[in-house]
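**Q** Sharing start07.cif (mmCIF, C-alpha atoms) below.
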data_protein
#
loop_
_atom_site.label_atom_id
_atom_site.label_comp_id
_atom_site.auth_asym_id
_atom_site.auth_seq_id
_atom_site.Cartn_x
_atom_site.Cartn_y
_atom_site.Cartn_z
CA MET A 1 46.88 4.58 34.70
CA HIS A 2 46.38 2.80 31.39
CA LYS A 3 46.27 4.72 28.12
CA THR A 4 42.80 5.89 27.15
CA LEU A 5 40.76 4.39 24.33
CA HIS A 6 38.69 6.87 22.32
CA ILE A 7 35.58 5.69 20.46
CA ILE A 8 33.71 7.79 17.89
CA GLY A 9 30.04 6.90 17.62
CA GLY A 10 27.58 5.83 20.30
CA GLY A 11 25.46 3.41 18.31
CA MET A 12 25.33 -0.35 18.77
CA ALA A 13 28.98 -0.94 17.89
CA GLY A 14 30.44 2.01 19.78
CA SER A 15 28.39 1.29 22.89
CA GLU A 16 29.40 -2.37 22.94
CA ALA A 17 33.06 -1.52 22.25
CA ALA A 18 33.12 0.96 25.13
CA TRP A 19 31.56 -1.55 27.52
CA GLN A 20 33.93 -4.37 26.60
CA ALA A 21 37.08 -2.25 26.87
CA ALA A 22 36.03 -0.71 30.19
CA GLN A 23 35.19 -4.14 31.60
CA MET A 24 38.78 -5.13 30.79
CA GLY A 25 40.03 -2.19 32.86
CA VAL A 26 40.80 0.33 30.12
CA PRO A 27 39.55 3.95 30.47
CA VAL A 28 37.24 4.93 27.61
CA VAL A 29 36.05 8.23 26.18
CA LEU A 30 32.98 7.74 24.00
CA HIS A 31 32.44 10.58 21.52
CA GLU A 32 28.86 11.06 20.28
CA MET A 33 27.75 13.99 18.12
CA ARG A 34 24.10 13.72 19.13
CA PRO A 35 22.17 15.58 20.45
CA GLN A 36 24.35 18.58 19.50
CA VAL A 37 24.40 17.41 15.89
CA GLY A 38 21.30 15.49 14.90
CA THR A 39 20.41 13.22 11.99
CA PHE A 40 17.12 12.87 10.16
CA ALA A 41 16.70 9.30 11.45
CA HIS A 42 17.45 9.73 15.17
CA ARG A 43 14.87 11.10 17.60
CA THR A 44 16.85 11.25 20.85
CA GLY A 45 20.34 11.75 22.21
CA ASN A 46 20.39 8.25 23.72
CA LEU A 47 23.21 5.86 22.96
CA ALA A 48 22.34 2.69 20.97
CA GLU A 49 19.15 4.27 19.58
CA MET A 50 17.43 1.96 17.09
CA VAL A 51 16.40 3.88 13.97
CA CYS A 52 15.10 1.15 11.65
CA SER A 53 13.60 -2.10 12.93
CA ASN A 54 13.21 -2.88 16.63
CA SER A 55 14.20 -6.51 16.03
CA PHE A 56 17.49 -8.32 16.56
CA ARG A 57 16.02 -11.06 14.35
CA SER A 58 16.05 -14.79 15.13
CA ASP A 59 16.91 -15.86 18.66
CA ASP A 60 17.37 -19.52 17.72
CA ASP A 61 20.97 -20.29 18.72
CA GLU A 62 20.79 -23.91 17.56
CA ARG A 63 19.80 -23.60 13.91
CA ASN A 64 20.17 -19.94 12.96
CA ALA A 65 23.36 -17.94 12.40
CA VAL A 66 21.91 -14.74 13.89
CA GLY A 67 20.70 -16.60 16.96
CA LEU A 68 24.18 -18.10 17.28
CA LEU A 69 25.62 -14.58 17.21
CA HIS A 70 23.22 -13.67 20.05
CA TRP A 71 24.60 -16.63 22.01
CA GLU A 72 28.22 -15.65 21.41
CA MET A 73 27.62 -12.04 22.45
CA SER A 74 25.89 -13.18 25.63
CA ALA A 75 28.72 -15.61 26.36
CA ALA A 76 31.11 -12.66 26.06
CA ASN A 77 29.01 -10.65 28.58
CA GLY A 78 27.80 -8.28 25.88
CA LEU A 79 25.90 -5.20 27.04
CA ILE A 80 23.66 -4.98 23.96
CA MET A 81 22.36 -8.53 24.34
CA GLU A 82 21.84 -8.18 28.09
CA MET A 83 19.80 -4.99 27.69
CA ALA A 84 17.87 -6.47 24.75
CA ARG A 85 16.77 -9.43 26.83
CA ARG A 86 15.75 -7.19 29.71
CA HIS A 87 13.48 -5.19 27.43
CA ARG A 88 12.29 -7.80 24.95
CA LEU A 89 8.83 -7.88 23.41
CA PRO A 90 6.91 -10.91 22.13
CA ALA A 91 7.91 -11.52 18.51
CA GLY A 92 7.53 -15.22 17.77
CA GLY A 93 11.00 -16.70 17.41
CA ALA A 94 12.66 -13.30 17.08
CA LEU A 95 14.28 -11.04 19.70
CA ALA A 96 12.46 -7.70 19.47
CA VAL A 97 12.72 -4.91 22.03
CA ASP A 98 11.03 -1.77 23.26
CA ARG A 99 13.44 0.57 21.50
CA ASP A 100 13.08 3.50 23.91
CA LEU A 101 13.54 1.47 27.08
CA PHE A 102 16.41 -0.45 25.48
CA ALA A 103 18.36 2.66 24.45
CA ALA A 104 17.74 4.35 27.79
CA ALA A 105 19.05 1.27 29.62
CA VAL A 106 22.21 1.04 27.50
CA THR A 107 22.84 4.75 28.04
CA ALA A 108 22.40 4.45 31.81
CA GLN A 109 24.78 1.49 32.03
CA LEU A 110 27.51 3.30 30.09
CA LEU A 111 27.13 6.61 31.93
CA SER A 112 27.35 4.87 35.29
CA HIS A 113 30.52 2.91 34.48
CA PRO A 114 33.48 4.38 36.41
CA LEU A 115 35.88 3.96 33.46
CA ILE A 116 33.60 5.42 30.76
CA SER A 117 33.05 9.09 30.04
CA VAL A 118 30.89 10.45 27.23
CA GLU A 119 31.80 13.60 25.32
CA TYR A 120 29.19 15.16 23.06
CA GLY A 121 30.14 16.91 19.84
CA GLU A 122 31.10 16.14 16.26
CA ILE A 123 34.58 14.94 15.30
CA THR A 124 35.22 15.89 11.69
CA ASP A 125 38.71 14.50 10.97
CA LEU A 126 40.55 11.22 11.46
CA PRO A 127 42.58 11.59 14.67
CA GLN A 128 46.35 11.77 14.28
CA ASP A 129 47.39 10.46 17.71
CA GLY A 130 46.12 8.10 20.39
CA HIS A 131 44.12 4.89 20.23
CA TRP A 132 40.78 5.14 18.46
CA ILE A 133 37.82 3.08 17.29
CA ILE A 134 35.57 4.61 14.64
CA ALA A 135 32.07 3.18 14.95
CA THR A 136 30.04 5.89 13.25
CA GLY A 137 27.72 3.57 11.39
CA PRO A 138 25.48 4.26 8.40
CA LEU A 139 25.01 7.93 9.26
CA THR A 140 28.68 8.91 9.43
CA SER A 141 28.82 12.70 9.24
CA GLY A 142 29.79 14.16 5.88
CA ALA A 143 32.99 15.78 7.14
CA LEU A 144 34.30 12.62 8.83
CA ALA A 145 33.34 10.52 5.81
CA GLU A 146 35.36 12.83 3.58
CA SER A 147 38.33 12.52 5.92
CA ILE A 148 38.04 8.72 5.76
CA ARG A 149 37.84 8.82 1.97
CA ALA A 150 40.89 11.06 1.78
CA GLU A 151 42.87 8.55 3.86
CA THR A 152 41.64 5.35 2.22
CA GLY A 153 41.38 6.51 -1.35
CA ALA A 154 38.09 4.66 -1.71
CA ASP A 155 35.99 5.80 -4.66
CA SER A 156 32.56 5.24 -3.18
CA LEU A 157 31.34 4.25 0.27
CA ALA A 158 27.63 4.87 -0.05
CA PHE A 159 24.47 2.84 -0.48
CA PHE A 160 20.97 3.44 0.79
CA ASP A 161 18.95 1.97 3.65
CA ALA A 162 15.21 2.54 3.90
CA ILE A 163 13.09 2.84 7.04
CA ALA A 164 9.77 1.00 7.49
CA PRO A 165 6.62 2.83 8.64
CA ILE A 166 5.12 2.43 12.12
CA VAL A 167 1.34 2.20 12.63
CA TYR A 168 -0.75 2.92 15.74
CA ALA A 169 -2.19 -0.44 16.75
CA GLU A 170 -5.60 0.99 17.66
CA SER A 171 -6.07 2.19 14.07
CA VAL A 172 -5.79 -1.31 12.56
CA ASP A 173 -9.12 -2.97 11.71
CA MET A 174 -8.92 -6.25 13.63
CA SER A 175 -12.12 -7.51 12.01
CA VAL A 176 -9.89 -7.93 8.94
CA ALA A 177 -6.44 -8.50 10.47
CA TRP A 178 -5.60 -11.25 12.96
CA MET A 179 -2.81 -12.05 15.41
CA GLN A 180 -0.47 -14.93 14.59
CA SER A 181 3.24 -15.63 14.29
CA ARG A 182 4.24 -17.51 11.16
CA TYR A 183 3.85 -21.26 11.76
CA ASP A 184 2.69 -20.36 15.31
CA LYS A 185 6.31 -20.01 16.40
CA GLY A 186 7.00 -19.44 20.07
CA GLU A 187 6.57 -21.29 23.34
CA THR A 188 3.85 -19.04 24.80
CA LEU A 189 0.53 -17.84 23.43
CA GLU A 190 1.89 -14.29 23.44
CA GLU A 191 4.81 -15.35 21.24
CA GLN A 192 2.57 -17.38 18.95
CA THR A 193 0.33 -14.33 18.38
CA ALA A 194 3.03 -11.68 18.14
CA TYR A 195 2.25 -10.35 14.64
CA MET A 196 -0.73 -8.60 13.08
CA ASN A 197 -1.56 -10.10 9.69
CA CYS A 198 -3.39 -8.30 6.88
CA PRO A 199 -4.56 -10.66 4.08
CA MET A 200 -4.88 -9.84 0.39
CA THR A 201 -6.76 -11.49 -2.42
CA ARG A 202 -5.11 -11.74 -5.83
CA ASP A 203 -7.03 -8.72 -7.15
CA GLN A 204 -6.08 -6.65 -4.09
CA TYR A 205 -2.44 -7.68 -4.46
CA GLU A 206 -2.34 -6.77 -8.16
CA ALA A 207 -3.91 -3.36 -7.46
CA PHE A 208 -1.42 -2.79 -4.65
CA ILE A 209 1.54 -3.59 -6.92
CA ASP A 210 0.19 -1.22 -9.60
CA ALA A 211 -0.08 1.60 -7.04
CA LEU A 212 3.35 0.84 -5.63
CA LEU A 213 5.00 1.03 -9.04
CA ALA A 214 3.17 4.25 -9.96
CA ALA A 215 3.77 6.06 -6.65
CA GLU A 216 5.97 9.15 -6.49
CA LYS A 217 9.41 8.28 -5.11
CA THR A 218 12.13 10.24 -3.33
CA GLU A 219 14.66 11.60 -5.81
CA PHE A 220 18.37 11.04 -5.35
CA HIS A 221 20.76 13.92 -5.04
CA GLU A 222 23.15 14.63 -7.88
CA GLY A 223 26.06 12.22 -7.88
CA GLU A 224 24.31 9.61 -5.74
CA THR A 225 23.57 6.10 -6.99
CA ALA A 226 20.92 3.67 -5.86
CA GLY A 227 23.08 0.70 -4.86
CA TYR A 228 20.85 -1.06 -2.35
CA PHE A 229 21.83 -3.85 0.02
CA ASP A 230 19.58 -6.81 -0.88
CA GLY A 231 18.66 -7.46 2.77
CA CYS A 232 17.05 -4.03 3.12
CA LEU A 233 15.52 -3.30 -0.30
CA PRO A 234 12.70 -0.76 -0.52
CA ILE A 235 9.47 -2.57 -1.36
CA GLU A 236 9.03 -0.62 -4.59
CA VAL A 237 12.49 -1.73 -5.77
CA MET A 238 11.51 -5.34 -5.03
CA ALA A 239 8.26 -4.84 -6.98
CA GLU A 240 10.23 -3.47 -9.94
CA ARG A 241 12.14 -6.78 -10.05
CA GLY A 242 8.91 -8.69 -10.73
CA ARG A 243 5.25 -8.53 -9.75
CA GLU A 244 5.51 -11.72 -7.67
CA THR A 245 8.71 -10.72 -5.81
CA LEU A 246 6.89 -9.30 -2.77
CA ARG A 247 4.57 -12.31 -2.58
CA PHE A 248 7.58 -14.57 -2.22
CA GLY A 249 9.36 -12.10 0.09
CA PRO A 250 7.96 -10.00 2.96
CA MET A 251 4.34 -10.59 1.83
CA LYS A 252 4.53 -14.38 1.60
CA PRO A 253 1.32 -16.01 2.94
CA VAL A 254 2.87 -19.31 4.08
CA GLY A 255 2.52 -20.52 7.68
CA LEU A 256 -0.53 -18.31 8.36
CA THR A 257 -4.24 -19.10 8.74
CA ASN A 258 -6.81 -16.31 8.63
CA ALA A 259 -8.66 -16.49 11.96
CA HIS A 260 -11.71 -14.83 10.37
CA LYS A 261 -11.77 -17.08 7.27
CA PRO A 262 -9.82 -20.24 8.15
CA ASP A 263 -10.86 -22.03 4.95
CA GLU A 264 -9.77 -19.17 2.67
CA LYS A 265 -6.06 -19.01 1.74
CA ALA A 266 -4.69 -15.48 1.38
CA TYR A 267 -2.85 -14.68 -1.85
CA ALA A 268 -0.46 -12.41 0.06
CA VAL A 269 -0.12 -11.19 3.65
CA VAL A 270 1.30 -7.98 5.12
CA GLN A 271 2.72 -8.55 8.62
CA LEU A 272 3.10 -5.92 11.35
CA ARG A 273 5.40 -6.53 14.31
CA ARG A 274 5.00 -5.06 17.77
CA ASP A 275 7.31 -2.07 18.21
CA ASN A 276 6.98 -1.10 21.88
CA LYS A 277 6.30 -2.72 25.23
CA LEU A 278 2.86 -1.23 25.53
CA GLY A 279 1.81 -2.79 22.25
CA THR A 280 0.53 0.53 20.93
CA LEU A 281 2.89 0.67 17.95
CA TYR A 282 3.47 -1.88 15.17
CA ASN A 283 5.99 -1.66 12.33
CA MET A 284 5.30 -2.97 8.83
CA VAL A 285 7.68 -5.90 8.41
CA GLY A 286 9.90 -5.61 5.33
CA PHE A 287 8.19 -2.40 4.19
CA GLN A 288 11.21 -0.14 3.92
CA THR A 289 10.39 2.49 1.32
CA LYS A 290 11.54 5.56 -0.57
CA MET A 291 8.04 6.68 -1.55
CA LYS A 292 7.16 10.26 -0.71
CA TYR A 293 5.02 10.69 2.39
CA GLY A 294 1.74 11.45 0.62
CA ALA A 295 2.16 8.45 -1.63
CA GLN A 296 2.94 6.19 1.32
CA THR A 297 -0.29 7.09 3.10
CA ALA A 298 -2.39 6.48 -0.02
CA VAL A 299 -0.71 3.21 -1.03
CA PHE A 300 -0.50 1.65 2.43
CA LYS A 301 -4.16 2.39 3.19
CA MET A 302 -5.01 0.08 0.28
CA ILE A 303 -3.88 -2.83 2.46
CA PRO A 304 -6.89 -4.64 3.96
CA GLY A 305 -7.11 -3.73 7.65
CA LEU A 306 -5.15 -0.50 7.19
CA LYS A 307 -7.86 1.56 5.46
CA ASN A 308 -8.09 3.85 8.50
CA ALA A 309 -4.51 3.39 9.68
CA SER A 310 -2.80 6.20 11.54
CA PHE A 311 0.99 6.34 11.15
CA ALA A 312 3.29 7.18 14.03
CA ARG A 313 6.15 7.37 11.54
CA LEU A 314 6.27 7.06 7.79
CA GLY A 315 9.11 5.41 5.91
CA GLY A 316 12.24 7.20 4.79
CA ILE A 317 15.57 6.65 3.12
CA HIS A 318 19.13 7.38 4.12
CA ARG A 319 22.66 6.90 2.91
CA ASN A 320 24.86 4.25 4.45
CA THR A 321 28.64 4.48 4.55
CA PHE A 322 31.00 1.51 4.62
CA LEU A 323 34.65 0.73 3.94
CA ASN A 324 36.07 -1.67 1.42
CA SER A 325 37.34 -3.53 4.46
CA PRO A 326 39.06 -6.48 2.73
CA THR A 327 41.62 -4.05 1.28
CA LEU A 328 41.80 -1.57 4.15
CA LEU A 329 41.61 -3.45 7.49
CA ASP A 330 43.86 -6.08 9.06
CA ASP A 331 42.56 -8.99 11.14
CA GLN A 332 42.73 -6.79 14.25
CA MET A 333 40.24 -4.40 12.58
CA ARG A 334 42.99 -1.76 12.31
CA LEU A 335 43.32 0.59 9.36
CA LYS A 336 46.44 -0.70 7.62
CA SER A 337 47.67 2.81 6.80
CA ARG A 338 46.94 4.12 10.33
CA PRO A 339 47.13 1.18 12.79
CA ASN A 340 46.27 3.39 15.77
CA ILE A 341 42.73 3.53 14.33
CA ARG A 342 40.27 0.64 14.35
CA PHE A 343 36.87 0.51 12.71
CA ALA A 344 33.82 -1.29 14.08
CA GLY A 345 30.18 -1.82 13.27
CA GLN A 346 28.28 -1.23 10.07
CA VAL A 347 30.99 1.00 8.61
CA THR A 348 33.17 -2.13 8.31
CA GLY A 349 30.71 -3.74 5.89
CA VAL A 350 28.48 -5.81 8.15
CA GLU A 351 24.73 -5.33 8.01
CA GLY A 352 22.31 -5.37 10.93
CA TYR A 353 22.14 -4.37 14.59
CA VAL A 354 23.50 -7.68 15.86
CA GLU A 355 26.40 -7.86 13.43
CA SER A 356 27.33 -4.23 14.11
CA ALA A 357 27.31 -4.74 17.88
CA ALA A 358 29.34 -7.94 17.49
CA MET A 359 32.05 -6.12 15.54
CA GLY A 360 32.05 -3.46 18.27
CA LEU A 361 32.52 -6.19 20.85
CA LEU A 362 35.57 -7.53 19.01
CA ALA A 363 37.09 -4.12 18.31
CA GLY A 364 36.68 -3.11 21.96
CA ARG A 365 38.31 -6.27 23.23
CA MET A 366 41.14 -6.15 20.68
CA ALA A 367 41.90 -2.49 21.38
CA ALA A 368 41.83 -3.02 25.14
CA ALA A 369 44.14 -6.03 24.87
CA GLU A 370 46.61 -3.99 22.84
CA LEU A 371 46.57 -1.18 25.40
CA LEU A 372 47.24 -3.78 28.09
CA GLY A 373 50.29 -5.03 26.20
CA GLN A 374 48.62 -8.16 24.80
CA THR A 375 47.32 -9.41 21.47
CA LEU A 376 43.87 -10.93 21.22
CA PRO A 377 43.57 -13.19 18.16
CA PRO A 378 40.31 -13.08 16.19
CA PRO A 379 37.73 -15.75 17.06
CA PRO A 380 38.04 -18.94 14.99
CA PRO A 381 36.30 -18.79 11.60
CA GLU A 382 34.03 -21.63 12.77
CA THR A 383 32.29 -19.11 15.09
CA ALA A 384 29.73 -16.51 14.02
CA MET A 385 31.98 -13.60 15.02
CA GLY A 386 34.97 -15.29 13.46
CA ALA A 387 33.10 -15.92 10.21
CA LEU A 388 32.11 -12.24 10.01
CA ILE A 389 35.53 -10.78 10.77
CA THR A 390 37.18 -13.26 8.40
CA HIS A 391 34.76 -12.20 5.66
CA ILE A 392 35.24 -8.45 6.06
CA THR A 393 39.01 -8.51 6.55
CA GLY A 394 39.90 -10.77 3.66
CA GLY A 395 37.35 -13.50 3.05
CA ALA A 396 35.26 -11.38 0.69
CA GLU A 397 36.10 -10.43 -2.88
CA ALA A 398 37.29 -6.83 -2.63
CA LYS A 399 36.09 -5.86 -6.13
CA THR A 400 32.50 -6.82 -5.37
CA PHE A 401 32.46 -6.26 -1.58
CA GLN A 402 29.01 -5.47 -0.21
CA PRO A 403 27.59 -5.33 3.35
CA MET A 404 26.83 -8.79 4.69
CA ASN A 405 24.57 -10.28 7.34
CA VAL A 406 25.88 -13.27 9.28
CA ASN A 407 24.90 -16.53 7.60
CA PHE A 408 26.13 -20.11 7.49
CA GLY A 409 27.50 -19.50 4.02
CA LEU A 410 30.34 -17.55 5.67
CA PHE A 411 31.35 -20.52 7.86
CA PRO A 412 33.88 -23.21 6.88
CA PRO A 413 31.90 -26.16 5.44
CA ILE A 414 30.95 -28.94 7.80
CA ASP A 415 30.51 -32.64 7.12
CA ALA A 416 26.87 -33.26 7.91
CA LYS A 417 23.72 -34.58 6.26
CA GLY A 418 22.92 -32.72 3.05
CA GLY A 419 19.74 -31.79 1.23
CA ARG A 420 16.61 -30.08 2.49
CA ARG A 421 15.71 -32.87 4.94
CA GLY A 422 19.13 -32.69 6.55
CA ARG A 423 19.27 -28.91 6.79
CA LYS A 424 18.25 -28.71 10.46
CA ASP A 425 20.84 -31.30 11.42
CA ARG A 426 23.48 -29.51 9.40
CA TYR A 427 22.72 -26.15 11.01
CA LYS A 428 22.79 -27.74 14.46
CA ALA A 429 26.22 -29.16 13.64
CA TYR A 430 27.40 -25.65 12.68
CA THR A 431 26.19 -24.14 15.96
CA ASP A 432 27.54 -26.98 18.13
CA ARG A 433 30.96 -26.59 16.52
CA ALA A 434 30.81 -22.81 16.86
CA LYS A 435 29.87 -22.84 20.54
CA ALA A 436 32.75 -25.14 21.39
CA ALA A 437 35.21 -23.01 19.41
CA PHE A 438 33.93 -19.73 20.87
CA THR A 439 34.05 -21.05 24.43
CA ALA A 440 37.67 -22.08 23.88
CA TRP A 441 38.49 -18.66 22.40
CA LEU A 442 36.94 -16.87 25.38
CA SER A 443 39.03 -18.89 27.82
#
So, in terms of structure tokens, how does the structure I just supplied come out?
**A**
Amino acid sequence: MHKTLHIIGGGMAGSEAAWQAAQMGVPVVLHEMRPQVGTFAHRTGNLAEMVCSNSFRSDDDERNAVGLLHWEMSAANGLIMEMARRHRLPAGGALAVDRDLFAAAVTAQLLSHPLISVEYGEITDLPQDGHWIIATGPLTSGALAESIRAETGADSLAFFDAIAPIVYAESVDMSVAWMQSRYDKGETLEEQTAYMNCPMTRDQYEAFIDALLAAEKTEFHEGETAGYFDGCLPIEVMAERGRETLRFGPMKPVGLTNAHKPDEKAYAVVQLRRDNKLGTLYNMVGFQTKMKYGAQTAVFKMIPGLKNASFARLGGIHRNTFLNSPTLLDDQMRLKSRPNIRFAGQVTGVEGYVESAAMGLLAGRMAAAELLGQTLPPPPPETAMGALITHITGGAEAKTFQPMNVNFGLFPPIDAKGGRRGRKDRYKAYTDRAKAAFTAWLS
């Protein structure tokens, strides 16, 4: 009997780590505090529950770094990607899923695996003995976070993520809104019409910005600081950076034509993305917020098409916890001061469902290899996974380390055509090189 691998946290990273290690023949105990200990963001006790967006973002594996990460995870027989594809929803060029069916499927797969057992209950201290992966994510419990801080000596591990509201589709006025994916992306009509679009005139946009800036916001607790990750900024924080920021961000009108007024160009557009398989729920794309609930309802109903909107869930805000990984982790994702403990997922300083699951995949494989008496080297830095792990375990500047999405800026430079016209060719060269390197690493 092989030694057992223990994993704390049943989110994207912990679920993927458990699957990968068990598939390599190593017994796994997955420790999950829910449903015994809940969080404000989770609704169920399912593993891999999605609490923010229901999107894994771009699925383009030829010219997009996130899509390339999808490809690598699938090539490595990743559970998260397999279940995502089984329960995908139309979303243009993105990979979006029915979050409830997805989480239920991941949970069923893990519970039915003969080498995986799940133990429910909170673990409050760093384990002293055994082989462990900590994949507790942005909602690491306070007690465990304090234990991690005590061991690492880190001064601050917190920033804030905000959750976007979800609207009942039947409450959207479709005489104002229309269905279209930006630039009509997608191979099928369903994909090309995956988003609801709510147009704004300049006057409507200016009034919306005024209301957004004046709205009552959630207060921070004493001792907390508002250090947001730029990829998940609350809309009111973006508006505070300049009145045009939203119009060049999540509310940009480019690539869209109003089906009701094709000759009239919108000044700004609010997009809503399908959130479940039935198509009854849509989330407001990029509309993470820390406004209080009453203010959210009033401000969001100013959006054309949402005057009579009914909200299945309003936005919220929560703390995220992450390590200063460049100083604390080695290239095997082990805590340098306690090498029997690995970290995986968002707590390592990656941002996003896909990136978190990918770091779980690597941690699970590396831990299993070690328990089998082997050493698995990290993927080459030319790969998406390799670029991420290189960044968080030494490639980033420790003094200014912040959570990072996968992007081609993390990859070693490639000799390809430059400039805007050559961008597609350059990205294709990155992904071709990465796929060859990842295939060789897998073998």
**Q** Name the closest residue to His113 (chain A) among the candidates A:Gly25, A:Pro380, A:Gly11, A:Gly316; distances are taken between atoms, counting all atoms listed in the file.
**A**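 Closest to His113 (chain A), using all atoms listed in the file: A:Gly25.
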**Q** Using all atoms listed in the file for the distances, tell me which of A:Ala437, A:Leu111, A:Leu361, A:Met284 is nearest to Thr383 (chain A).
**A**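 With all atoms listed in the file as the atom set, the closest residue is A:Ala437.
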**Q** What lies within 7 Å of region 195-200 of chain A using only C-alpha atoms, ignoring chain neighbours under 6 positions off, as a PyMOL selection string?
**A** chain A and resi 91+176-181+266-274+304-305
**Q** Which neighbours of region 385-400 of chain A fall inside 9 Å, counting all atoms listed in the file, when residues of the same chain fewer than 4 positions from it are skipped, and could you give them as a PyMOL selection string?
**A** chain A and resi 69+72-73+324-333+348-350+355+358-359+362+378-381+404-408+410-412+438
**Q** Would you put the residues from that selection into a file with C-alpha atoms, as a PDB file, in the coordinates of the input?
**A**
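This is the output file again_30.pdb:
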ATOM      1  CA  LEU A  69      25.620 -14.580  17.210  1.00  0.00           C
ATOM      2  CA  GLU A  72      28.220 -15.650  21.410  1.00  0.00           C
ATOM      3  CA  MET A  73      27.620 -12.040  22.450  1.00  0.00           C
ATOM      4  CA  ASN A 324      36.070  -1.670   1.420  1.00  0.00           C
ATOM      5  CA  SER A 325      37.340  -3.530   4.460  1.00  0.00           C
ATOM      6  CA  PRO A 326      39.060  -6.480   2.730  1.00  0.00           C
ATOM      7  CA  THR A 327      41.620  -4.050   1.280  1.00  0.00           C
ATOM      8  CA  LEU A 328      41.800  -1.570   4.150  1.00  0.00           C
ATOM      9  CA  LEU A 329      41.610  -3.450   7.490  1.00  0.00           C
ATOM     10  CA  ASP A 330      43.860  -6.080   9.060  1.00  0.00           C
ATOM     11  CA  ASP A 331      42.560  -8.990  11.140  1.00  0.00           C
ATOM     12  CA  GLN A 332      42.730  -6.790  14.250  1.00  0.00           C
ATOM     13  CA  MET A 333      40.240  -4.400  12.580  1.00  0.00           C
ATOM     14  CA  THR A 348      33.170  -2.130   8.310  1.00  0.00           C
ATOM     15  CA  GLY A 349      30.710  -3.740   5.890  1.00  0.00           C
ATOM     16  CA  VAL A 350      28.480  -5.810   8.150  1.00  0.00           C
ATOM     17  CA  GLU A 355      26.400  -7.860  13.430  1.00  0.00           C
ATOM     18  CA  ALA A 358      29.340  -7.940  17.490  1.00  0.00           C
ATOM     19  CA  MET A 359      32.050  -6.120  15.540  1.00  0.00           C
ATOM     20  CA  LEU A 362      35.570  -7.530  19.010  1.00  0.00           C
ATOM     21  CA  PRO A 378      40.310 -13.080  16.190  1.00  0.00           C
ATOM     22  CA  PRO A 379      37.730 -15.750  17.060  1.00  0.00           C
ATOM     23  CA  PRO A 380      38.040 -18.940  14.990  1.00  0.00           C
ATOM     24  CA  PRO A 381      36.300 -18.790  11.600  1.00  0.00           C
ATOM     25  CA  MET A 404      26.830  -8.790   4.690  1.00  0.00           C
ATOM     26  CA  ASN A 405      24.570 -10.280   7.340  1.00  0.00           C
ATOM     27  CA  VAL A 406      25.880 -13.270   9.280  1.00  0.00           C
ATOM     28  CA  ASN A 407      24.900 -16.530   7.600  1.00  0.00           C
ATOM     29  CA  PHE A 408      26.130 -20.110   7.490  1.00  0.00           C
ATOM     30  CA  LEU A 410      30.340 -17.550   5.670  1.00  0.00           C
ATOM     31  CA  PHE A 411      31.350 -20.520   7.860  1.00  0.00           C
ATOM     32  CA  PRO A 412      33.880 -23.210   6.880  1.00  0.00           C
ATOM     33  CA  PHE A 438      33.930 -19.730  20.870  1.00  0.00           C
TER      34      PHE A 438
END
**Q** Can you translate the PyMOL selection byres ((chain A and resi 238) around 12) into the concrete residues it hits in this file, as a ChimeraX atom specification?
**A** /A:209,212-213,228-237,239-251,286-290
**Q** Point out the residue among A:Gln402, A:Thr431, A:Gln374, A:Ser117 with the least atom-to-atom distance to Glu62 (chain A), counting all atoms listed in the file.
**A**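 Ranked by minimum distance to Glu62 (chain A), first place goes to A:Thr431.
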**Q** Which residues match the PyMOL selection byres ((chain A and resi 120-126) around 8) in the file above, as a tab-separated table (two decimals) with C-alpha atoms, keeping the file's coordinate frame?
**A**
chain	number	residue	atom	x	y	z
A	8	ILE	CA	33.71	7.79	17.89
A	31	HIS	CA	32.44	10.58	21.52
A	32	GLU	CA	28.86	11.06	20.28
A	33	MET	CA	27.75	13.99	18.12
A	34	ARG	CA	24.10	13.72	19.13
A	35	PRO	CA	22.17	15.58	20.45
A	36	GLN	CA	24.35	18.58	19.50
A	37	VAL	CA	24.40	17.41	15.89
A	118	VAL	CA	30.89	10.45	27.23
A	119	GLU	CA	31.80	13.60	25.32
A	127	PRO	CA	42.58	11.59	14.67
A	128	GLN	CA	46.35	11.77	14.28
A	141	SER	CA	28.82	12.70	9.24
A	143	ALA	CA	32.99	15.78	7.14
A	144	LEU	CA	34.30	12.62	8.83
A	147	SER	CA	38.33	12.52	5.92
A	148	ILE	CA	38.04	8.72	5.76
**Q** Report as a count of residues only the residues that result from applying the PyMOL selection byres ((chain A and resi 183) around 12) to the structure here.
**A** 20
**Q** Compile the contact shell of Met302 (chain A) as a PyMOL selection string: residues with an atom at most 9 Å away, counting only C-alpha atoms, same-chain residues fewer than 5 positions apart removed.
**A** chain A and resi 204+207-208+211+297+307
**Q** Have a look at CA of Leu306 (chain A) and CA of Ser55 (chain A) and let me know their distance in Å, one decimal.
**A**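 Pair CA of Leu306 (chain A) / CA of Ser55 (chain A) returns 22.1 Å.
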**Q** From the list A:His260, A:Asp415, A:Met83, A:Ile133, which residue is nearest Thr4 (chain A) when using only C-alpha atoms?
**A**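 Between A:His260, A:Asp415, A:Met83, A:Ile133, the residue approaching Thr4 (chain A) most closely is A:Ile133.
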**Q** Separation of CA of Arg85 (chain A) and CA of Gly45 (chain A), in Å?
**A** 22.0 Å
**Q** Go through A:Leu5, A:Ala164, A:Met366, A:Leu89 and flag the residue nearest Ile116 (chain A), using all atoms listed in the file for the distances.
**A**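 For Ile116 (chain A), the nearest of the given residues is A:Leu5.
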**Q** Enter the distance from CA of Gly345 (chain A) to CA of Gly137 (chain A), in Å, rounded to one decimal.
**A** 6.2 Å
